[in-house]
>>> print(open('my_file_25.pdb').read())   # PDB, C-alpha atoms and all ligand atoms
ATOM      1  CA  MET Z   1      15.120  23.314 193.053
ATOM      2  CA  ASN Z   2      15.988  25.706 190.253
ATOM      3  CA  LYS Z   3      17.178  29.204 191.052
ATOM      4  CA  ILE Z   4      14.766  32.016 190.168
ATOM      5  CA  THR Z   5      16.074  34.942 188.115
ATOM      6  CA  LEU Z   6      14.066  38.078 187.346
ATOM      7  CA  ILE Z   7      15.145  39.989 184.239
ATOM      8  CA  THR Z   8      13.740  43.413 183.363
ATOM      9  CA  GLY Z   9      13.655  44.327 179.674
ATOM     10  CA  ALA Z  10      13.633  40.699 178.497
ATOM     11  CA  THR Z  11      11.879  41.428 175.189
ATOM     12  CA  SER Z  12      15.047  42.457 173.353
ATOM     13  CA  GLY Z  13      18.831  42.738 173.334
ATOM     14  CA  ILE Z  14      20.792  41.962 176.500
ATOM     15  CA  GLY Z  15      17.713  41.009 178.518
ATOM     16  CA  ARG Z  16      16.530  38.580 175.837
ATOM     17  CA  SER Z  17      19.978  36.984 175.651
ATOM     18  CA  CYS Z  18      20.224  36.751 179.448
ATOM     19  CA  ALA Z  19      16.894  34.907 179.431
ATOM     20  CA  GLU Z  20      18.336  32.379 176.964
ATOM     21  CA  VAL Z  21      21.606  31.872 178.881
ATOM     22  CA  PHE Z  22      19.972  31.565 182.307
ATOM     23  CA  ALA Z  23      17.357  29.183 180.855
ATOM     24  CA  GLN Z  24      20.136  27.020 179.359
ATOM     25  CA  ASN Z  25      21.526  26.824 182.869
ATOM     26  CA  ASN Z  26      18.236  25.674 184.407
ATOM     27  CA  HIS Z  27      17.096  28.877 186.054
ATOM     28  CA  ASP Z  28      13.376  29.491 186.327
ATOM     29  CA  LEU Z  29      12.671  32.958 184.989
ATOM     30  CA  ILE Z  30      10.502  35.969 185.687
ATOM     31  CA  LEU Z  31      10.636  38.008 182.494
ATOM     32  CA  THR Z  32       9.382  41.584 182.259
ATOM     33  CA  GLY Z  33       8.811  44.199 179.587
ATOM     34  CA  ARG Z  34       6.021  46.153 177.913
ATOM     35  CA  ARG Z  35       5.704  44.093 174.712
ATOM     36  CA  GLU Z  36       3.372  41.327 175.817
ATOM     37  CA  GLY Z  37       3.483  39.366 172.539
ATOM     38  CA  ARG Z  38       7.262  39.057 172.674
ATOM     39  CA  LEU Z  39       7.117  37.922 176.325
ATOM     40  CA  LYS Z  40       4.561  35.266 175.417
ATOM     41  CA  ASP Z  41       6.686  33.974 172.522
ATOM     42  CA  LEU Z  42       9.750  33.899 174.789
ATOM     43  CA  HIS Z  43       7.786  32.056 177.470
ATOM     44  CA  ASP Z  44       6.703  29.383 174.968
ATOM     45  CA  GLU Z  45      10.156  29.047 173.407
ATOM     46  CA  LEU Z  46      12.139  28.767 176.656
ATOM     47  CA  THR Z  47       9.745  26.452 178.464
ATOM     48  CA  SER Z  48       9.626  24.004 175.551
ATOM     49  CA  LYS Z  49      13.351  24.220 174.718
ATOM     50  CA  TYR Z  50      14.789  23.983 178.244
ATOM     51  CA  GLY Z  51      11.990  22.542 180.390
ATOM     52  CA  ILE Z  52      12.215  25.418 182.868
ATOM     53  CA  LYS Z  53       9.380  27.451 184.385
ATOM     54  CA  VAL Z  54       8.810  30.969 183.097
ATOM     55  CA  THR Z  55       6.408  33.598 184.338
ATOM     56  CA  THR Z  56       5.977  36.901 182.537
ATOM     57  CA  LEU Z  57       5.027  40.318 183.911
ATOM     58  CA  VAL Z  58       3.913  43.089 181.595
ATOM     59  CA  PHE Z  59       4.512  46.526 183.049
ATOM     60  CA  ASP Z  60       6.020  49.893 182.274
ATOM     61  CA  ILE Z  61       8.985  50.249 184.598
ATOM     62  CA  ARG Z  62       8.339  54.009 184.813
ATOM     63  CA  ASN Z  63       5.043  53.462 186.598
ATOM     64  CA  ASN Z  64       5.593  52.532 190.250
ATOM     65  CA  ALA Z  65       1.987  51.467 190.777
ATOM     66  CA  GLU Z  66       2.325  48.975 187.890
ATOM     67  CA  VAL Z  67       5.662  47.727 189.237
ATOM     68  CA  GLU Z  68       4.315  47.245 192.778
ATOM     69  CA  TYR Z  69       1.162  45.537 191.541
ATOM     70  CA  ALA Z  70       3.044  43.136 189.243
ATOM     71  CA  ILE Z  71       5.599  42.096 191.856
ATOM     72  CA  SER Z  72       3.116  41.791 194.724
ATOM     73  CA  SER Z  73       0.806  39.660 192.582
ATOM     74  CA  LEU Z  74       3.506  36.994 192.062
ATOM     75  CA  PRO Z  75       2.582  33.729 193.777
ATOM     76  CA  ASP Z  76       4.678  33.216 196.948
ATOM     77  CA  VAL Z  77       6.793  30.508 195.359
ATOM     78  CA  TRP Z  78       7.918  32.995 192.686
ATOM     79  CA  LYS Z  79       8.859  35.592 195.296
ATOM     80  CA  ASN Z  80      11.797  33.426 196.349
ATOM     81  CA  ILE Z  81      13.951  35.255 193.808
ATOM     82  CA  ASP Z  82      17.701  34.548 193.756
ATOM     83  CA  ILE Z  83      18.914  36.989 191.098
ATOM     84  CA  LEU Z  84      17.593  40.356 189.923
ATOM     85  CA  ILE Z  85      18.940  41.678 186.628
ATOM     86  CA  ASN Z  86      18.087  45.374 186.349
ATOM     87  CA  ASN Z  87      18.521  45.620 182.600
ATOM     88  CA  ALA Z  88      15.585  47.621 181.153
ATOM     89  CA  GLY Z  89      16.825  50.970 179.920
ATOM     90  CA  LEU Z  90      17.217  53.228 176.938
ATOM     91  CA  ALA Z  91      18.806  56.259 175.361
ATOM     92  CA  VAL Z  92      16.618  58.694 173.444
ATOM     93  CA  GLY Z  93      18.102  61.418 171.278
ATOM     94  CA  LEU Z  94      21.668  62.655 170.875
ATOM     95  CA  LYS Z  95      21.701  66.448 171.200
ATOM     96  CA  THR Z  96      23.353  69.203 173.220
ATOM     97  CA  ILE Z  97      21.664  70.144 176.487
ATOM     98  CA  HIS Z  98      20.675  73.546 175.085
ATOM     99  CA  GLU Z  99      18.934  71.906 172.101
ATOM    100  CA  GLY Z 100      17.736  68.786 173.877
ATOM    101  CA  GLU Z 101      14.143  67.593 174.029
ATOM    102  CA  ILE Z 102      12.639  67.591 177.506
ATOM    103  CA  ASP Z 103      10.498  64.546 176.738
ATOM    104  CA  ASP Z 104      13.611  62.545 175.803
ATOM    105  CA  TRP Z 105      15.199  63.498 179.138
ATOM    106  CA  GLU Z 106      12.097  62.475 181.080
ATOM    107  CA  ARG Z 107      11.981  59.090 179.327
ATOM    108  CA  MET Z 108      15.629  58.349 180.141
ATOM    109  CA  ILE Z 109      15.490  59.569 183.737
ATOM    110  CA  ASP Z 110      12.173  57.844 184.423
ATOM    111  CA  THR Z 111      13.301  54.540 182.894
ATOM    112  CA  ASN Z 112      16.984  54.252 183.724
ATOM    113  CA  ILE Z 113      16.969  55.757 187.225
ATOM    114  CA  LYS Z 114      13.449  55.773 188.633
ATOM    115  CA  GLY Z 115      12.395  52.491 186.978
ATOM    116  CA  LEU Z 116      15.480  50.704 188.278
ATOM    117  CA  LEU Z 117      14.748  52.095 191.746
ATOM    118  CA  TYR Z 118      11.068  51.058 191.666
ATOM    119  CA  VAL Z 119      11.926  47.462 190.741
ATOM    120  CA  SER Z 120      14.742  47.327 193.292
ATOM    121  CA  ARG Z 121      12.447  48.729 196.002
ATOM    122  CA  ALA Z 122       9.934  45.968 195.253
ATOM    123  CA  ILE Z 123      12.428  43.061 195.157
ATOM    124  CA  ILE Z 124      15.192  43.852 197.656
ATOM    125  CA  PRO Z 125      12.945  43.338 200.724
ATOM    126  CA  PHE Z 126      12.639  39.647 199.686
ATOM    127  CA  PHE Z 127      16.442  39.411 199.506
ATOM    128  CA  VAL Z 128      16.852  41.030 202.929
ATOM    129  CA  GLN Z 129      14.198  38.800 204.432
ATOM    130  CA  ASN Z 130      15.825  35.667 202.953
ATOM    131  CA  LYS Z 131      19.392  36.852 203.622
ATOM    132  CA  LYS Z 132      20.344  35.922 200.061
ATOM    133  CA  GLY Z 133      20.282  37.437 196.623
ATOM    134  CA  HIS Z 134      22.332  38.885 193.789
ATOM    135  CA  ILE Z 135      21.511  42.179 192.091
ATOM    136  CA  ILE Z 136      23.081  42.812 188.693
ATOM    137  CA  ASN Z 137      22.659  46.329 187.373
ATOM    138  CA  ILE Z 138      23.320  46.906 183.671
ATOM    139  CA  GLY Z 139      25.213  50.193 183.610
ATOM    140  CA  SER Z 140      27.279  51.392 180.667
ATOM    141  CA  ILE Z 141      30.572  52.897 179.613
ATOM    142  CA  ALA Z 142      28.302  55.995 179.596
ATOM    143  CA  GLY Z 143      28.282  55.653 183.389
ATOM    144  CA  LYS Z 144      32.064  55.884 183.472
ATOM    145  CA  GLU Z 145      32.688  58.577 180.857
ATOM    146  CA  VAL Z 146      30.740  61.470 179.346
ATOM    147  CA  TYR Z 147      30.744  61.906 175.570
ATOM    148  CA  PRO Z 148      29.467  64.773 173.409
ATOM    149  CA  PHE Z 149      25.648  64.851 173.145
ATOM    150  CA  GLY Z 150      25.306  61.900 175.531
ATOM    151  CA  ASN Z 151      24.682  64.275 178.478
ATOM    152  CA  VAL Z 152      21.433  63.020 180.061
ATOM    153  CA  TYR Z 153      21.897  59.360 179.100
ATOM    154  CA  CYS Z 154      25.412  59.504 180.590
ATOM    155  CA  ALA Z 155      23.990  61.134 183.728
ATOM    156  CA  THR Z 156      21.433  58.345 184.126
ATOM    157  CA  LYS Z 157      24.130  55.683 183.774
ATOM    158  CA  HIS Z 158      26.367  57.557 186.240
ATOM    159  CA  ALA Z 159      23.345  57.328 188.563
ATOM    160  CA  VAL Z 160      23.216  53.549 188.001
ATOM    161  CA  ASP Z 161      26.918  53.441 188.914
ATOM    162  CA  ALA Z 162      26.203  55.370 192.136
ATOM    163  CA  LEU Z 163      23.105  53.333 193.016
ATOM    164  CA  THR Z 164      25.054  50.100 192.519
ATOM    165  CA  LYS Z 165      27.640  51.296 195.051
ATOM    166  CA  ALA Z 166      24.862  52.433 197.410
ATOM    167  CA  MET Z 167      23.135  49.044 197.220
ATOM    168  CA  ARG Z 168      26.385  47.197 197.893
ATOM    169  CA  THR Z 169      27.079  49.355 200.926
ATOM    170  CA  GLU Z 170      23.582  48.892 202.320
ATOM    171  CA  LEU Z 171      23.278  45.157 201.617
ATOM    172  CA  VAL Z 172      26.731  43.851 202.506
ATOM    173  CA  ALA Z 173      25.594  43.005 206.040
ATOM    174  CA  ASP Z 174      22.855  40.758 204.641
ATOM    175  CA  GLY Z 175      25.238  38.810 202.409
ATOM    176  CA  ILE Z 176      23.606  40.117 199.235
ATOM    177  CA  LYS Z 177      25.836  40.460 196.182
ATOM    178  CA  VAL Z 178      25.639  43.594 194.040
ATOM    179  CA  THR Z 179      27.328  43.731 190.639
ATOM    180  CA  GLN Z 180      27.438  46.320 187.872
ATOM    181  CA  ILE Z 181      28.114  45.290 184.283
ATOM    182  CA  ALA Z 182      29.110  48.322 182.198
ATOM    183  CA  PRO Z 183      29.243  47.532 178.468
ATOM    184  CA  GLY Z 184      30.457  49.493 175.475
ATOM    185  CA  ALA Z 185      28.773  49.196 172.063
ATOM    186  CA  ILE Z 186      26.411  46.245 171.621
ATOM    187  CA  GLU Z 187      24.250  45.771 168.539
ATOM    188  CA  THR Z 188      20.676  45.528 169.880
ATOM    189  CA  GLU Z 189      17.572  47.681 169.401
ATOM    190  CA  PHE Z 190      19.317  50.323 171.551
ATOM    191  CA  SER Z 191      20.361  52.598 168.664
ATOM    192  CA  ILE Z 192      17.017  52.203 166.862
ATOM    193  CA  VAL Z 193      15.377  53.524 170.043
ATOM    194  CA  ARG Z 194      18.005  56.255 170.464
ATOM    195  CA  PHE Z 195      17.429  57.471 166.883
ATOM    196  CA  LYS Z 196      13.651  57.084 167.160
ATOM    197  CA  GLY Z 197      13.267  54.397 164.506
ATOM    198  CA  ASP Z 198      15.862  55.760 162.049
ATOM    199  CA  LYS Z 199      17.366  52.395 161.086
ATOM    200  CA  LYS Z 200      20.005  53.939 158.811
ATOM    201  CA  MET Z 201      21.383  56.129 161.609
ATOM    202  CA  ALA Z 202      21.208  53.180 164.010
ATOM    203  CA  ASP Z 203      23.135  50.899 161.625
ATOM    204  CA  SER Z 204      25.795  53.569 161.090
ATOM    205  CA  ILE Z 205      26.794  53.274 164.779
ATOM    206  CA  TYR Z 206      28.036  49.731 164.136
ATOM    207  CA  ASN Z 207      29.736  50.304 160.766
ATOM    208  CA  GLY Z 208      33.376  49.407 160.269
ATOM    209  CA  TYR Z 209      34.022  47.307 163.376
ATOM    210  CA  LYS Z 210      32.576  44.329 165.223
ATOM    211  CA  PRO Z 211      30.397  45.461 168.105
ATOM    212  CA  LEU Z 212      29.517  43.203 171.018
ATOM    213  CA  GLU Z 213      26.592  40.882 170.524
ATOM    214  CA  PRO Z 214      24.027  40.702 173.328
ATOM    215  CA  GLU Z 215      25.063  37.057 173.905
ATOM    216  CA  ASP Z 216      28.605  38.251 174.751
ATOM    217  CA  VAL Z 217      27.234  40.365 177.585
ATOM    218  CA  ALA Z 218      24.743  37.732 178.739
ATOM    219  CA  SER Z 219      27.476  35.119 179.144
ATOM    220  CA  VAL Z 220      29.477  37.533 181.313
ATOM    221  CA  VAL Z 221      26.372  38.386 183.366
ATOM    222  CA  TYR Z 222      25.821  34.669 183.908
ATOM    223  CA  TYR Z 223      29.489  34.134 184.826
ATOM    224  CA  THR Z 224      29.185  36.619 187.710
ATOM    225  CA  THR Z 225      26.444  34.426 189.198
ATOM    226  CA  THR Z 226      28.535  31.245 189.141
ATOM    227  CA  LEU Z 227      31.267  32.305 191.564
ATOM    228  CA  PRO Z 228      31.594  30.947 195.097
ATOM    229  CA  GLY Z 229      29.518  32.600 197.826
ATOM    230  CA  HIS Z 230      32.456  34.608 199.154
ATOM    231  CA  VAL Z 231      33.399  36.065 195.735
ATOM    232  CA  ASN Z 232      31.637  39.058 194.158
ATOM    233  CA  ILE Z 233      32.336  40.936 190.931
ATOM    234  CA  ASN Z 234      31.664  44.539 191.959
ATOM    235  CA  ASP Z 235      32.074  46.232 188.616
ATOM    236  CA  LEU Z 236      32.928  44.945 185.172
ATOM    237  CA  VAL Z 237      33.495  46.990 182.008
ATOM    238  CA  ILE Z 238      33.113  44.992 178.791
ATOM    239  CA  MET Z 239      33.890  46.466 175.390
ATOM    240  CA  PRO Z 240      34.293  45.337 171.787
ATOM    241  CA  THR Z 241      38.008  44.777 171.117
ATOM    242  CA  ALA Z 242      37.739  47.563 168.528
ATOM    243  CA  GLN Z 243      36.539  50.096 171.148
ATOM    244  CA  ALA Z 244      38.935  51.743 173.595
ATOM    245  CA  SER Z 245      36.633  54.332 175.179
ATOM    246  CA  SER Z 246      33.200  55.796 174.523
ATOM    247  CA  THR Z 247      34.631  57.809 171.610
ATOM    248  CA  VAL Z 248      37.737  55.923 170.447
ATOM    249  CA  PHE Z 249      37.133  53.115 167.937
ATOM    250  CA  SER Z 250      39.279  51.290 165.424
ATOM    251  CA  LYS Z 251      37.147  51.348 162.283
ATOM    252  CA  ASN Z 252      38.061  50.047 158.840
ATOM    253  CA  ASN Z 253      36.092  52.656 156.903
TER
HETATM  254  P1  LIG Z 301      17.129  47.070 173.687
HETATM  255  O1  LIG Z 301      16.457  48.295 173.185
HETATM  256  O2  LIG Z 301      17.400  45.980 172.727
HETATM  257  O3  LIG Z 301      16.330  46.494 174.954
HETATM  258  C1  LIG Z 301      15.831  47.347 175.948
HETATM  259  C2  LIG Z 301      14.877  46.591 176.832
HETATM  260  O4  LIG Z 301      14.412  47.490 177.864
HETATM  261  C3  LIG Z 301      13.648  46.087 176.103
HETATM  262  O5  LIG Z 301      13.386  44.769 176.486
HETATM  263  C4  LIG Z 301      12.529  47.013 176.558
HETATM  264  O6  LIG Z 301      11.310  46.293 176.644
HETATM  265  C5  LIG Z 301      13.003  47.403 177.959
HETATM  266  N1  LIG Z 301      12.411  48.675 178.358
HETATM  267  C6  LIG Z 301      12.700  49.909 177.863
HETATM  268  N2  LIG Z 301      11.883  50.831 178.411
HETATM  269  C7  LIG Z 301      11.058  50.158 179.271
HETATM  270  C8  LIG Z 301       9.983  50.545 180.115
HETATM  271  N3  LIG Z 301       9.595  51.831 180.203
HETATM  272  N4  LIG Z 301       9.351  49.605 180.841
HETATM  273  C9  LIG Z 301       9.732  48.311 180.757
HETATM  274  N5  LIG Z 301      10.759  47.877 179.991
HETATM  275  C10 LIG Z 301      11.398  48.790 179.238
HETATM  276  O7  LIG Z 301      18.508  47.603 174.318
HETATM  277  P2  LIG Z 301      19.722  46.860 175.067
HETATM  278  O8  LIG Z 301      19.481  45.425 175.239
HETATM  279  O9  LIG Z 301      20.955  47.296 174.389
HETATM  280  O10 LIG Z 301      19.649  47.620 176.467
HETATM  281  C11 LIG Z 301      19.575  46.962 177.704
HETATM  282  C12 LIG Z 301      20.357  47.769 178.726
HETATM  283  O11 LIG Z 301      21.723  47.819 178.336
HETATM  284  C13 LIG Z 301      19.902  49.221 178.879
HETATM  285  O12 LIG Z 301      19.895  49.553 180.258
HETATM  286  C14 LIG Z 301      21.003  50.000 178.149
HETATM  287  O13 LIG Z 301      21.137  51.302 178.656
HETATM  288  C15 LIG Z 301      22.196  49.143 178.437
HETATM  289  N6  LIG Z 301      23.362  49.288 177.559
HETATM  290  C16 LIG Z 301      23.228  49.095 176.203
HETATM  291  C17 LIG Z 301      24.345  49.231 175.395
HETATM  292  C18 LIG Z 301      24.288  49.087 173.905
HETATM  293  O14 LIG Z 301      25.212  49.544 173.208
HETATM  294  N7  LIG Z 301      23.265  48.458 173.360
HETATM  295  C19 LIG Z 301      25.664  49.526 175.968
HETATM  296  C20 LIG Z 301      25.667  49.689 177.391
HETATM  297  C21 LIG Z 301      24.555  49.558 178.139
HETATM  298  P3  LIG Z 301       9.889  46.825 176.105
HETATM  299  O15 LIG Z 301      10.152  47.784 175.001
HETATM  300  O16 LIG Z 301       9.176  45.576 175.692
HETATM  301  O17 LIG Z 301       9.268  47.444 177.299
HETATM  302  C1  LIG Z 302      25.332  52.402 175.525
HETATM  303  C2  LIG Z 302      26.726  52.673 175.097
HETATM  304  O1  LIG Z 302      28.357  54.472 174.287
HETATM  305  O2  LIG Z 302      26.126  54.428 173.285
HETATM  306  O3  LIG Z 302      25.212  52.567 176.893
HETATM  307  O4  LIG Z 302      26.430  55.202 175.530
HETATM  308  S1  LIG Z 302      26.905  54.278 174.543
END
>>> encode(input="my_file_25.pdb", output="structure tokens")
Amino acid sequence: MNKITLITGATSGIGRSCAEVFAQNNHDLILTGRREGRLKDLHDELTSKYGIKVTTLVFDIRNNAEVEYAISSLPDVWKNIDILINNAGLAVGLKTIHEGEIDDWERMIDTNIKGLLYVSRAIIPFFVQNKKGHIINIGSIAGKEVYPFGNVYCATKHAVDALTKAMRTELVADGIKVTQIAPGAIETEFSIVRFKGDKKMADSIYNGYKPLEPEDVASVVYYTTTLPGHVNINDLVIMPTAQASSTVFSKNN
């Protein structure tokens, strides 16, 4: 029987690449996001390319009623989830706190902290009941350091760091693995979202050096799931070689 992996935010970037890598490795997939068309295309592509089963759930992670409804409506066979990848997240805006936009803060807090909690609250009871499971939270270097204007995004990723530790502490007795992957700069739709569709600003973030590609992160996420039962990666920071910290880069321009 194939393992079942649930990936939040599978319509783009790291989540999309994780779907590809886990499919290549014969996992059946539960893929979530808000963009239904992209989920459908991904479903069709992965099922025909790899012969795996894929089910898709369309919900806004910020809405707990939608999260609960989607997860509880899964057929029982799909509730036997082995791996949860809490990936959906975003940054919006890059301003000082005193000039920041409240709506941007709400979006980041509601998505990155509350959304991750809602999904975890819905899935972890299956893991506890089955005495198995692996939770992989996608944190960030922004959860390890704070950089100018990153304030609220950094705070949300520090919260992911704390929640990862909390989950590990609470679930160790049930044999459930909890891992955080904390990447540096990856070229995805992340900066387009952060700069609210300003493609030129988004592109400028990746000028002059080679950022990570989402596939680089996905292969590391997958690696953490291949280790023997008694081995867990607690926390893994992955950066482009040209990035030393959230603010120190080696750029050729
Ligand atoms: P993308 O913007 O490419 O992908 C983000 C994904 O999150 C999309 O699939 C999107 O799906 C989903 N998502 C966002 N908001 C919601 C929501 N309210 N409800 C449901 N799904 C949502 O960015 P990345 O792949 O780069 O980001 C993935 C994770 O990696 C995030 O947690 C991010 O913070 C983290 N990260 C990114 C880094 C980078 O440099 N790119 C570095 C370190 C960490 P949809 O819009 O269809 O709902
Ligand atoms: C994304 C990386 O440095 O833009 O989490 O915050 S950073």
>>> closest_atom_pairs(input="my_file_25.pdb", of="stretch 27-124 of chain Z", to="stretch 130-151 of chain Z", cutoff="12 Å", atoms="all atoms listed in the file", output="Markdown table")
| residue | atom | partner | partner_atom | distance |
| --- | --- | --- | --- | --- |
| Z:Lys79 | CA | Z:Asn130 | CA | 10.4 |
| Z:Asn80 | CA | Z:Asn130 | CA | 8.1 |
| Z:Ile81 | CA | Z:Gly133 | CA | 7.3 |
| Z:Asp82 | CA | Z:Gly133 | CA | 4.8 |
| Z:Ile83 | CA | Z:His134 | CA | 4.7 |
| Z:Leu84 | CA | Z:Ile135 | CA | 4.8 |
| Z:Ile85 | CA | Z:Ile136 | CA | 4.8 |
| Z:Asn86 | CA | Z:Asn137 | CA | 4.8 |
| Z:Asn87 | CA | Z:Ile138 | CA | 5.1 |
| Z:Ala88 | CA | Z:Ile138 | CA | 8.2 |
| Z:Gly89 | CA | Z:Ile138 | CA | 8.5 |
| Z:Leu90 | CA | Z:Gly139 | CA | 10.8 |
| Z:Ala91 | CA | Z:Gly150 | CA | 8.6 |
| Z:Val92 | CA | Z:Gly150 | CA | 9.5 |
| Z:Gly93 | CA | Z:Gly150 | CA | 8.4 |
| Z:Leu94 | CA | Z:Phe149 | CA | 5.1 |
| Z:Lys95 | CA | Z:Phe149 | CA | 4.7 |
| Z:Thr96 | CA | Z:Phe149 | CA | 4.9 |
| Z:Ile97 | CA | Z:Asn151 | CA | 6.9 |
| Z:His98 | CA | Z:Phe149 | CA | 10.2 |
| Z:Glu99 | CA | Z:Phe149 | CA | 9.8 |
| Z:Gly100 | CA | Z:Phe149 | CA | 8.9 |
| Z:Glu101 | CA | Z:Phe149 | CA | 11.9 |
| Z:Asp104 | CA | Z:Asn151 | CA | 11.5 |
| Z:Trp105 | CA | Z:Asn151 | CA | 9.5 |
| Z:Met108 | CA | Z:Asn151 | CA | 10.9 |
| Z:Ile109 | CA | Z:Asn151 | CA | 11.6 |
| Z:Asn112 | CA | Z:Gly139 | CA | 9.2 |
| Z:Ile113 | CA | Z:Gly139 | CA | 10.6 |
| Z:Gly115 | CA | Z:Asn137 | CA | 12.0 |
| Z:Leu116 | CA | Z:Asn137 | CA | 8.5 |
| Z:Leu117 | CA | Z:Asn137 | CA | 10.7 |
| Z:Val119 | CA | Z:Ile135 | CA | 11.0 |
| Z:Ser120 | CA | Z:Ile135 | CA | 8.6 |
| Z:Arg121 | CA | Z:Ile135 | CA | 11.8 |
| Z:Ile123 | CA | Z:Ile135 | CA | 9.6 |
| Z:Ile124 | CA | Z:Gly133 | CA | 8.3 |
>>> residues_around(input="my_file_25.pdb", residues="stretch 223-229 of chain Z", least_positions_apart="2", cutoff="12 Å", atoms="only C-alpha atoms", output="tab-separated table (two decimals) with C-alpha atoms, in the frame of the given file")
chain	number	residue	atom	x	y	z
Z	3	LYS	CA	17.18	29.20	191.05
Z	4	ILE	CA	14.77	32.02	190.17
Z	5	THR	CA	16.07	34.94	188.12
Z	18	CYS	CA	20.22	36.75	179.45
Z	21	VAL	CA	21.61	31.87	178.88
Z	22	PHE	CA	19.97	31.56	182.31
Z	25	ASN	CA	21.53	26.82	182.87
Z	27	HIS	CA	17.10	28.88	186.05
Z	82	ASP	CA	17.70	34.55	193.76
Z	83	ILE	CA	18.91	36.99	191.10
Z	84	LEU	CA	17.59	40.36	189.92
Z	85	ILE	CA	18.94	41.68	186.63
Z	132	LYS	CA	20.34	35.92	200.06
Z	133	GLY	CA	20.28	37.44	196.62
Z	134	HIS	CA	22.33	38.88	193.79
Z	135	ILE	CA	21.51	42.18	192.09
Z	136	ILE	CA	23.08	42.81	188.69
Z	137	ASN	CA	22.66	46.33	187.37
Z	175	GLY	CA	25.24	38.81	202.41
Z	176	ILE	CA	23.61	40.12	199.24
Z	177	LYS	CA	25.84	40.46	196.18
Z	178	VAL	CA	25.64	43.59	194.04
Z	179	THR	CA	27.33	43.73	190.64
Z	180	GLN	CA	27.44	46.32	187.87
Z	181	ILE	CA	28.11	45.29	184.28
Z	216	ASP	CA	28.60	38.25	174.75
Z	217	VAL	CA	27.23	40.36	177.58
Z	218	ALA	CA	24.74	37.73	178.74
Z	219	SER	CA	27.48	35.12	179.14
Z	220	VAL	CA	29.48	37.53	181.31
Z	221	VAL	CA	26.37	38.39	183.37
Z	231	VAL	CA	33.40	36.06	195.74
Z	232	ASN	CA	31.64	39.06	194.16
Z	233	ILE	CA	32.34	40.94	190.93
Z	234	ASN	CA	31.66	44.54	191.96
Z	235	ASP	CA	32.07	46.23	188.62
Z	236	LEU	CA	32.93	44.94	185.17
>>> resolve_selection(input="my_file_25.pdb", expression="the PyMOL selection byres (((not hetatm)) within 7 of (chain Z and resi 301))", output="VMD selection string")
chain Z and resid 8 to 16 32 to 35 59 to 62 87 to 91 111 to 112 138 to 141 182 to 191 193 214
>>> resolve_selection(input="my_file_25.pdb", expression="the PyMOL selection byres (((chain Z and resi 74) around 12) and not hetatm)", output="ChimeraX atom specification")
/Z:6,30-31,55-57,67-73,75-81,122-123
>>> atom_distance(input="my_file_25.pdb", atom1="atom O2 of ligand LIG 302 (chain Z)", atom2="atom CA of Z:Glu215")
17.4 Å
>>> atom_distance(input="my_file_25.pdb", atom1="atom CA of Z:Cys154", atom2="atom CA of Z:Tyr118")
20.0 Å
>>> closest_residue(input="my_file_25.pdb", among="Z:Leu42, Z:Met167, Z:Ala155, Z:Ala173", to="ligand LIG 302 (chain Z)", atoms="all atoms listed in the file")
Z:Ala155
>>> closest_residue(input="my_file_25.pdb", among="Z:Leu29, Z:Leu39, Z:Ala19, Z:Ala244", to="ligand LIG 302 (chain Z)", atoms="only C-alpha atoms and all ligand atoms")
Z:Ala244
>>> atom_distance(input="my_file_25.pdb", atom1="atom CA of Z:Ala23", atom2="atom CA of Z:Asp44")
12.2 Å
>>> closest_residue(input="my_file_25.pdb", among="Z:His43, Z:Lys210, Z:Arg194, Z:Lys114", to="ligand LIG 302 (chain Z)", atoms="all atoms listed in the file")
Z:Arg194
>>> closest_residue(input="my_file_25.pdb", among="Z:Val248, Z:Ile102, Z:Glu213, Z:Asp41", to="Z:Ser17", atoms="all atoms listed in the file")
Z:Glu213
>>> closest_residue(input="my_file_25.pdb", among="Z:Leu171, Z:Pro240, Z:Tyr153, Z:Tyr206", to="ligand LIG 302 (chain Z)", atoms="all atoms listed in the file")
Z:Tyr153
>>> closest_residue(input="my_file_25.pdb", among="Z:Thr156, Z:Thr169, Z:Thr241, Z:Asn63", to="ligand LIG 302 (chain Z)", atoms="all atoms listed in the file")
Z:Thr156
>>> resolve_selection(input="my_file_25.pdb", expression="the PyMOL selection byres (((chain Z and resi 253) around 10) and not hetatm)", output="PDB file with C-alpha atoms, in the coordinates of the input")
ATOM      1  CA  ASN Z 207      29.736  50.304 160.766  1.00  0.00           C
ATOM      2  CA  GLY Z 208      33.376  49.407 160.269  1.00  0.00           C
ATOM      3  CA  TYR Z 209      34.022  47.307 163.376  1.00  0.00           C
ATOM      4  CA  SER Z 250      39.279  51.290 165.424  1.00  0.00           C
ATOM      5  CA  LYS Z 251      37.147  51.348 162.283  1.00  0.00           C
ATOM      6  CA  ASN Z 252      38.061  50.047 158.840  1.00  0.00           C
TER       7      ASN Z 252
END
>>> axis_aligned_box(input="my_file_25.pdb", around="ligand LIG 302 (chain Z)", padding_each_side="8 Å", output="JSON")
{"center_x": 26.8, "center_y": 53.8, "center_z": 175.1, "size_x": 19.1, "size_y": 18.8, "size_z": 19.6}
